[in-house]
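Asker: Below you'll find the structure I mean.
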Amino acid sequence: MRYLTCFLAASALLLGSQAARADTLDVVKQRGHVQCGVTTGFAGFSAPDDKGVWRGLDIDFCRAVAAAVLGDAGKFKAVPLNSQQRFTALQSGEIDLLARNTSVTQQRDTALGAIHAGINFYDGQGFLVHKSLGVTSAKELDQASICMQTGTSNENTMADWARANGISYRPVVIEQFNEVVKAFAAGRCDAFTTDASGLASIRVSRMQDPDAYVVLPELISKEPLGPFVRQGDDAWLNIVKWTLHAMTGAEELGVTSANVDENLQSDNPAIRRLLGVTPGAGKNLGLDEKWAYNIVKQVGNYGESFERNVGMESPLKIPRGLNALWNDGGLIYPLPVR
């Protein structure tokens with residue numbers, strides 16, 4: 001009986017902690033800000049500028065969730081996490097949302113107590129090399145030393161690709177991302193492999209002479225990147241998911257931070273529903289009807305965020321490619337707010 005009592009007590013404690021973490025919306029409202037897990041510094045996606053202000057595509061998403069929930073895009077806290085820390089921080093409730101260039105995989109979506117809320121950047125694993133190496137294709141990297149970070153999907157992807165293509169390589173695996181970058185810059189390895197977006201960021205922001213390096217053309221994996229939340233909290237999942245669709249939907253409808261106010265007078269039913277002129281969408285989410293208006297007004301639509309952080313208005317100059325809207329040749333397909 002004593003063991004049964006202990007078991008029941010432990011079970012009750014576990015269920016109680018899960019319930020306490022489940023209603024994230026109430027926790028965020030009571031706290032007054034969103035705890036957002038981000039990288040330790042990844043230019044274009046999440047990194048502090050020279051004044052210590054966090055900026056980037058993923059930071060904009062954190063800001064958008066804060067604008068939707070609290071009416072103020074500034075009411076979020078960036079919590080820097082490395083690859084090993086990110087899911088533990090989400091599971092424990094240290095963060096409300098993981099927006100940290102994280103690939104959606106079957107294991108991560110099923111076995112870690114987390115679930116993805118959408119894709120905000122379609123990517124793939126690639127290679128960065130020094131031009132002096134004279135390599136123009138990843139298939140020329142046989143016998144090369146390749147830098148990568150431990151605790152990421154890059155290790156397994158690299159091993160699978162090399163085996164499939166009959167390529168031998170020497171892995172230089174380092175735990176901390178910044179140390180991997182330093183090792184590559186110091187010439188400890190011939191190539192650096194990670195998501196192509198990360199390589200573009202590293203080349204521009206971390207290499208002393210960016211023009212001396214080149215990102216090879218091959219992508220050896222699919223890396224759909226997006227925000228994660230804890231499993232078991234459907235209300236919070238809905239908010240995070242529809243925040244993304246509000247940003248992409250606003251771009252599809254031509255609603256920007258500059259014209260959102262005049263669009264309050266639009267006759268377009270889709271715009272009126274999105275901006276809360278026709279009520280209902282906010283109530284469905286347990287939010288103010290101006291939830292999406294606040295996102296667009298304070299953060300902008302997806303295209304605005306993309307261009308200023310990683311696109312042609314940014315140092316990275318990544319083309320939209322797969323991250324263009326579906327009606328412009330890309331994979332970004334907003335779900336209807338209705």
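Every chain in the structure tokens has a letter given in the order shown (A, B, ...), and although residue numbers restart at 1 in each chain, ligands are simply numbered from 1 in the order shown.
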Counting only C-alpha atoms, which residues of segment 67-100 of chain A sit at most 10 Å from some atom of segment 146-165 of chain A, and what is each one's closest atom pair with its distance in Å to one decimal, listed by chain and rising residue number, as a tab-separated table?

Answerer:
```
residue	atom	partner	partner_atom	distance
A:Asn82	CA	A:Gly151	CA	9.1
A:Ser83	CA	A:Gly151	CA	5.9
A:Gln84	CA	A:Gly151	CA	5.7
A:Gln85	CA	A:Gly151	CA	9.4
```

Asker: Write to file, as a PDB file, in the first residue's frame, the residues of the selection just made, with C-alpha atoms.

Answerer:
```pdb
ATOM      1  CA  ASN A  82      22.227  26.218 -27.444  1.00  0.00           C
ATOM      2  CA  SER A  83      21.159  23.113 -29.352  1.00  0.00           C
ATOM      3  CA  GLN A  84      21.421  20.849 -26.312  1.00  0.00           C
ATOM      4  CA  GLN A  85      19.360  23.148 -24.069  1.00  0.00           C
TER       5      GLN A  85
END
```

Asker: Of the candidates A:Asn101, A:Thr136, A:Thr24, A:Gln30, which shows the shortest atom-to-atom distance to Leu237 of chain A, using only C-alpha atoms?

Answerer: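 The shortest atom-to-atom distance to Leu237 of chain A comes from A:Thr24.
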
Asker: At most 9 Å is the cut-off: for each residue in segment 195-258 of chain A with any atom that close to an atom of segment 291-301 of chain A, write down the nearest atom pair and the distance in Å rounded to one decimal, counting only C-alpha atoms, chain first then increasing number, as JSON lines.

Answerer:
```
{"residue": "A:Trp242", "atom": "CA", "partner": "A:Ala292", "partner_atom": "CA", "distance": 9.0}
{"residue": "A:Thr243", "atom": "CA", "partner": "A:Ala292", "partner_atom": "CA", "distance": 7.3}
{"residue": "A:Ala246", "atom": "CA", "partner": "A:Ala292", "partner_atom": "CA", "distance": 6.0}
{"residue": "A:Met247", "atom": "CA", "partner": "A:Asn301", "partner_atom": "CA", "distance": 4.4}
{"residue": "A:Thr248", "atom": "CA", "partner": "A:Asn301", "partner_atom": "CA", "distance": 6.2}
{"residue": "A:Gly249", "atom": "CA", "partner": "A:Asn301", "partner_atom": "CA", "distance": 7.9}
{"residue": "A:Ala250", "atom": "CA", "partner": "A:Asn301", "partner_atom": "CA", "distance": 5.6}
{"residue": "A:Glu251", "atom": "CA", "partner": "A:Asn301", "partner_atom": "CA", "distance": 5.3}
{"residue": "A:Glu252", "atom": "CA", "partner": "A:Asn301", "partner_atom": "CA", "distance": 9.0}
{"residue": "A:Gly254", "atom": "CA", "partner": "A:Asn301", "partner_atom": "CA", "distance": 8.8}
{"residue": "A:Val255", "atom": "CA", "partner": "A:Asn301", "partner_atom": "CA", "distance": 7.2}
{"residue": "A:Thr256", "atom": "CA", "partner": "A:Asn301", "partner_atom": "CA", "distance": 5.8}
{"residue": "A:Ser257", "atom": "CA", "partner": "A:Lys297", "partner_atom": "CA", "distance": 4.5}
{"residue": "A:Ala258", "atom": "CA", "partner": "A:Lys297", "partner_atom": "CA", "distance": 7.5}
```

Asker: Check segment 36-248 of chain A with DSSP on the backbone and list each residue it calls alpha helix (DSSP H), as an MDAnalysis selection string.

Answerer: chainID A and resid 57:70 86:92 106:110 154:164 177:185 196:205 234:248

Asker: Please report the interatomic distance between atom CA of Ala144 of chain A and atom CA of Thr194 of chain A in Å with one decimal.

Answerer: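 Interatomic distance, atom CA of Ala144 of chain A to atom CA of Thr194 of chain A: 15.6 Å.
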
Asker: Could you give me, as an mmCIF file with C-alpha atoms, in the first residue's frame, the residues within 10 Å of Ile239 of chain A, counting only C-alpha atoms and dropping anything in the same chain fewer than 2 positions from it?

Answerer:
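The new file part.cif reads:
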```
data_model
loop_
_atom_site.group_PDB
_atom_site.id
_atom_site.type_symbol
_atom_site.label_atom_id
_atom_site.label_comp_id
_atom_site.auth_asym_id
_atom_site.auth_seq_id
_atom_site.Cartn_x
_atom_site.Cartn_y
_atom_site.Cartn_z
ATOM 1 C CA LEU A 25 -1.828 31.663 -22.214
ATOM 2 C CA VAL A 65 3.255 36.388 -30.558
ATOM 3 C CA ALA A 68 -1.086 39.015 -30.525
ATOM 4 C CA VAL A 69 -1.356 37.968 -26.880
ATOM 5 C CA ALA A 117 3.368 25.195 -34.905
ATOM 6 C CA ASP A 234 -3.884 23.199 -27.780
ATOM 7 C CA ALA A 235 -4.969 26.740 -26.938
ATOM 8 C CA TRP A 236 -1.363 27.987 -26.959
ATOM 9 C CA LEU A 237 -0.539 25.922 -30.048
ATOM 10 C CA LYS A 241 0.217 28.676 -35.274
ATOM 11 C CA TRP A 242 -2.251 31.389 -36.257
ATOM 12 C CA THR A 243 0.252 34.130 -35.472
ATOM 13 C CA LEU A 244 2.356 32.722 -38.303
ATOM 14 C CA HIS A 245 -0.660 32.472 -40.617
ATOM 15 C CA GLY A 282 -9.938 36.828 -31.846
ATOM 16 C CA ASN A 284 -11.800 31.825 -31.317
ATOM 17 C CA LEU A 285 -8.260 32.187 -29.963
ATOM 18 C CA GLY A 286 -9.195 33.706 -26.613
ATOM 19 C CA LEU A 287 -7.573 36.980 -27.689
ATOM 20 C CA TRP A 291 -4.661 40.413 -32.311
#
```

Asker: Measuring atom to atom with only C-alpha atoms, identify which of A:Glu289, A:Leu128, A:Gly74, A:Gln176 is nearest to Ala212 of chain A.

Answerer: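 Residue with the minimum atom-to-atom distance to Ala212 of chain A: A:Leu128.
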
Asker: Could you state the separation of atom CA of Glu304 of chain A and atom CA of Leu274 of chain A in Å, given to one decimal place?

Answerer: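 Going from atom CA of Glu304 of chain A over to atom CA of Leu274 of chain A covers 17.3 Å.
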
Asker: If we count only C-alpha atoms and set the cut-off at 10 Å, which residues sit around Val28 of chain A, ignoring sequence neighbours fewer than 3 positions away in its own chain? Please answer as a PyMOL selection string.

Answerer: chain A and resi 23-25+31-35+66+69-70+75-76+96

Asker: Could the residues in this selection be written to a file with N, CA and C atoms, as a compact mmCIF listing (two decimals), in the first residue's frame?

Answerer:
```txt
# COMPACT_ATOMS: atom_id res chain seq x y z
N ASP A 23 -1.69 25.53 -19.38
CA ASP A 23 -2.40 26.74 -19.72
C ASP A 23 -1.42 27.90 -19.89
N THR A 24 -0.63 27.83 -20.95
CA THR A 24 0.44 28.80 -21.16
C THR A 24 -0.10 30.21 -21.34
N LEU A 25 -1.26 30.33 -21.98
CA LEU A 25 -1.83 31.66 -22.21
C LEU A 25 -2.03 32.41 -20.89
N ARG A 31 2.32 36.80 -16.21
CA ARG A 31 3.72 37.23 -16.17
C ARG A 31 3.90 38.58 -16.85
N GLY A 32 3.16 38.78 -17.94
CA GLY A 32 3.25 40.05 -18.65
C GLY A 32 4.23 40.07 -19.80
N HIS A 33 4.82 38.92 -20.12
CA HIS A 33 5.69 38.84 -21.29
C HIS A 33 5.83 37.39 -21.73
N VAL A 34 6.25 37.19 -22.97
CA VAL A 34 6.47 35.87 -23.54
C VAL A 34 7.94 35.50 -23.38
N GLN A 35 8.18 34.31 -22.82
CA GLN A 35 9.54 33.77 -22.71
C GLN A 35 9.83 33.00 -24.00
N ALA A 66 3.93 38.11 -28.97
CA ALA A 66 3.69 39.07 -27.88
C ALA A 66 2.64 40.10 -28.28
N VAL A 69 -0.86 38.36 -28.20
CA VAL A 69 -1.36 37.97 -26.88
C VAL A 69 -1.49 39.15 -25.93
N LEU A 70 -0.49 40.04 -25.95
CA LEU A 70 -0.41 41.12 -24.97
C LEU A 70 -0.62 42.50 -25.57
N LYS A 75 6.80 43.07 -25.46
CA LYS A 75 6.63 42.30 -24.22
C LYS A 75 7.04 40.84 -24.42
N PHE A 76 8.31 40.66 -24.72
CA PHE A 76 8.87 39.32 -24.81
C PHE A 76 10.29 39.36 -24.26
N ASP A 96 8.15 29.63 -23.15
CA ASP A 96 6.79 29.38 -23.62
C ASP A 96 6.78 28.93 -25.07
```

Asker: Write out as a list in words all residues of segment 212-329 of chain A that DSSP puts in strand (DSSP E or B) for this structure's backbone.

Answerer: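 Output for segment 212-329 of chain A, strand (DSSP E or B) only: Tyr213, Val214, Val215, Glu223, Pro224, Leu225, Phe228, Val229, Arg230 and Leu325 of chain A.
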
Asker: Taking into account only C-alpha atoms, which residue in the set A:Pro269, A:Pro279, A:Gly321, A:Gly41 is nearest to Val181 of chain A?

Answerer: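 Ranking A:Pro269, A:Pro279, A:Gly321, A:Gly41 by distance to Val181 of chain A, first place goes to A:Gly41.
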
Asker: May I ask for the distance between atom CA of Pro224 of chain A and atom CA of Thr39 of chain A, given in Å to one decimal place?

Answerer: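 About the pair atom CA of Pro224 of chain A and atom CA of Thr39 of chain A: they are 16.6 Å apart.
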
Asker: Quick one: of A:Cys36, A:Leu331, A:Leu81, A:Met207, who's nearest to Cys62 of chain A, counting only C-alpha atoms?

Answerer: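 Counting only C-alpha atoms, the residue closest to Cys62 of chain A is A:Cys36.
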
Asker: Compile the contact shell of segment 198-200 of chain A as a list in words: residues with an atom at most 10 Å away, counting only C-alpha atoms, same-chain residues fewer than 4 positions apart removed.

Answerer: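 Counting only C-alpha atoms, the residues come to Phe42, Ala43, Gly44, Phe45, Asn101, Asp123, Gly124, Gln125, Gly126, Phe127, Leu128, Val129, Val181, Phe192, Thr193, Thr194, Val204, Ser205, Arg206, Pro210, Tyr213, Val214, Val215, Leu216, Val310, Pro315, Leu316, Lys317 and Ile318 of chain A.
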
Asker: For the selection you just gave me, I'd like the residues written to a file as a compact mmCIF listing (two decimals), in the first residue's frame, keeping N, CA, C and O atoms.

Answerer:
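What follows is the written file part-v4.txt:
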```txt
# COMPACT_ATOMS: atom_id res chain seq x y z
N PHE A 42 22.69 34.34 -33.99
CA PHE A 42 22.61 33.84 -35.35
C PHE A 42 22.09 34.97 -36.22
O PHE A 42 20.88 35.20 -36.31
N ALA A 43 23.00 35.74 -36.81
CA ALA A 43 22.64 36.96 -37.55
C ALA A 43 21.57 36.68 -38.59
O ALA A 43 21.65 35.71 -39.34
N GLY A 44 20.56 37.53 -38.61
CA GLY A 44 19.45 37.39 -39.54
C GLY A 44 18.27 36.67 -38.94
O GLY A 44 17.13 36.89 -39.35
N PHE A 45 18.52 35.84 -37.95
CA PHE A 45 17.44 35.05 -37.35
C PHE A 45 17.22 35.43 -35.88
O PHE A 45 16.11 35.73 -35.47
N ASN A 101 15.49 28.60 -35.17
CA ASN A 101 15.87 27.89 -36.41
C ASN A 101 15.99 26.38 -36.17
O ASN A 101 17.03 25.77 -36.38
N ASP A 123 14.48 25.37 -45.51
CA ASP A 123 15.93 25.40 -45.61
C ASP A 123 16.45 24.01 -45.99
O ASP A 123 15.67 23.08 -46.21
N GLY A 124 17.76 23.86 -46.06
CA GLY A 124 18.40 22.58 -46.30
C GLY A 124 19.84 22.64 -45.85
O GLY A 124 20.45 23.72 -45.83
N GLN A 125 20.42 21.51 -45.48
CA GLN A 125 21.80 21.48 -45.00
C GLN A 125 22.76 21.63 -46.17
O GLN A 125 22.59 21.01 -47.23
N GLY A 126 23.76 22.49 -46.00
CA GLY A 126 24.73 22.74 -47.06
C GLY A 126 26.15 22.80 -46.52
O GLY A 126 26.43 22.37 -45.39
N PHE A 127 27.05 23.35 -47.32
CA PHE A 127 28.46 23.40 -46.97
C PHE A 127 29.05 24.77 -47.28
O PHE A 127 28.78 25.35 -48.35
N LEU A 128 29.88 25.27 -46.37
CA LEU A 128 30.64 26.50 -46.58
C LEU A 128 32.11 26.12 -46.66
O LEU A 128 32.62 25.39 -45.80
N VAL A 129 32.79 26.60 -47.70
CA VAL A 129 34.22 26.30 -47.87
C VAL A 129 34.98 27.57 -48.23
O VAL A 129 34.40 28.56 -48.70
N VAL A 181 32.30 27.83 -35.28
CA VAL A 181 32.61 28.92 -36.21
C VAL A 181 34.08 29.32 -36.10
O VAL A 181 34.78 29.49 -37.11
N PHE A 192 32.43 23.62 -43.44
CA PHE A 192 31.51 23.76 -42.32
C PHE A 192 30.14 23.37 -42.85
O PHE A 192 29.70 23.86 -43.88
N THR A 193 29.45 22.47 -42.17
CA THR A 193 28.12 22.07 -42.60
C THR A 193 27.07 22.40 -41.54
O THR A 193 27.26 22.12 -40.36
N THR A 194 26.03 23.03 -41.98
CA THR A 194 24.83 23.31 -41.19
C THR A 194 23.76 23.77 -42.17
O THR A 194 23.96 23.67 -43.39
N VAL A 204 28.68 36.11 -43.85
CA VAL A 204 28.59 37.56 -43.85
C VAL A 204 28.99 38.17 -42.51
O VAL A 204 29.68 39.19 -42.46
N SER A 205 28.56 37.53 -41.42
CA SER A 205 28.72 38.17 -40.11
C SER A 205 29.93 37.71 -39.31
O SER A 205 30.34 38.39 -38.37
N ARG A 206 30.50 36.55 -39.67
CA ARG A 206 31.56 36.00 -38.81
C ARG A 206 32.90 35.80 -39.51
O ARG A 206 33.92 35.63 -38.83
N PRO A 210 34.40 37.88 -46.11
CA PRO A 210 33.31 37.04 -46.63
C PRO A 210 33.50 36.60 -48.07
O PRO A 210 33.11 35.49 -48.44
N TYR A 213 34.99 33.15 -49.11
CA TYR A 213 34.26 31.91 -48.83
C TYR A 213 33.08 31.76 -49.78
O TYR A 213 32.55 32.75 -50.29
N VAL A 214 32.66 30.53 -49.97
CA VAL A 214 31.53 30.27 -50.85
C VAL A 214 30.67 29.16 -50.25
O VAL A 214 31.19 28.20 -49.67
N VAL A 215 29.35 29.33 -50.37
CA VAL A 215 28.41 28.27 -50.00
C VAL A 215 28.22 27.38 -51.23
O VAL A 215 27.82 27.87 -52.29
N LEU A 216 28.52 26.10 -51.11
CA LEU A 216 28.40 25.19 -52.25
C LEU A 216 26.93 25.03 -52.65
O LEU A 216 26.03 25.19 -51.81
N VAL A 310 16.65 38.76 -43.52
CA VAL A 310 17.48 37.80 -44.26
C VAL A 310 17.46 38.02 -45.77
O VAL A 310 18.27 37.44 -46.48
N PRO A 315 22.05 42.19 -44.97
CA PRO A 315 23.38 41.78 -45.44
C PRO A 315 23.41 40.36 -46.00
O PRO A 315 24.26 40.04 -46.84
N LEU A 316 22.48 39.49 -45.56
CA LEU A 316 22.51 38.10 -46.01
C LEU A 316 22.06 37.95 -47.47
O LEU A 316 22.53 37.08 -48.18
N LYS A 317 21.10 38.77 -47.88
CA LYS A 317 20.58 38.79 -49.26
C LYS A 317 20.18 37.39 -49.75
O LYS A 317 20.52 36.95 -50.85
N ILE A 318 19.43 36.68 -48.91
CA ILE A 318 18.91 35.37 -49.29
C ILE A 318 17.67 35.58 -50.16
O ILE A 318 16.74 36.28 -49.77
```

Asker: Here is a test: counting only C-alpha atoms, which residue of A:Phe87, A:Ala196, A:Tyr122, A:Ile115 is nearest to Gly232 of chain A?

Answerer: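 The closest residue to Gly232 of chain A is A:Ile115.
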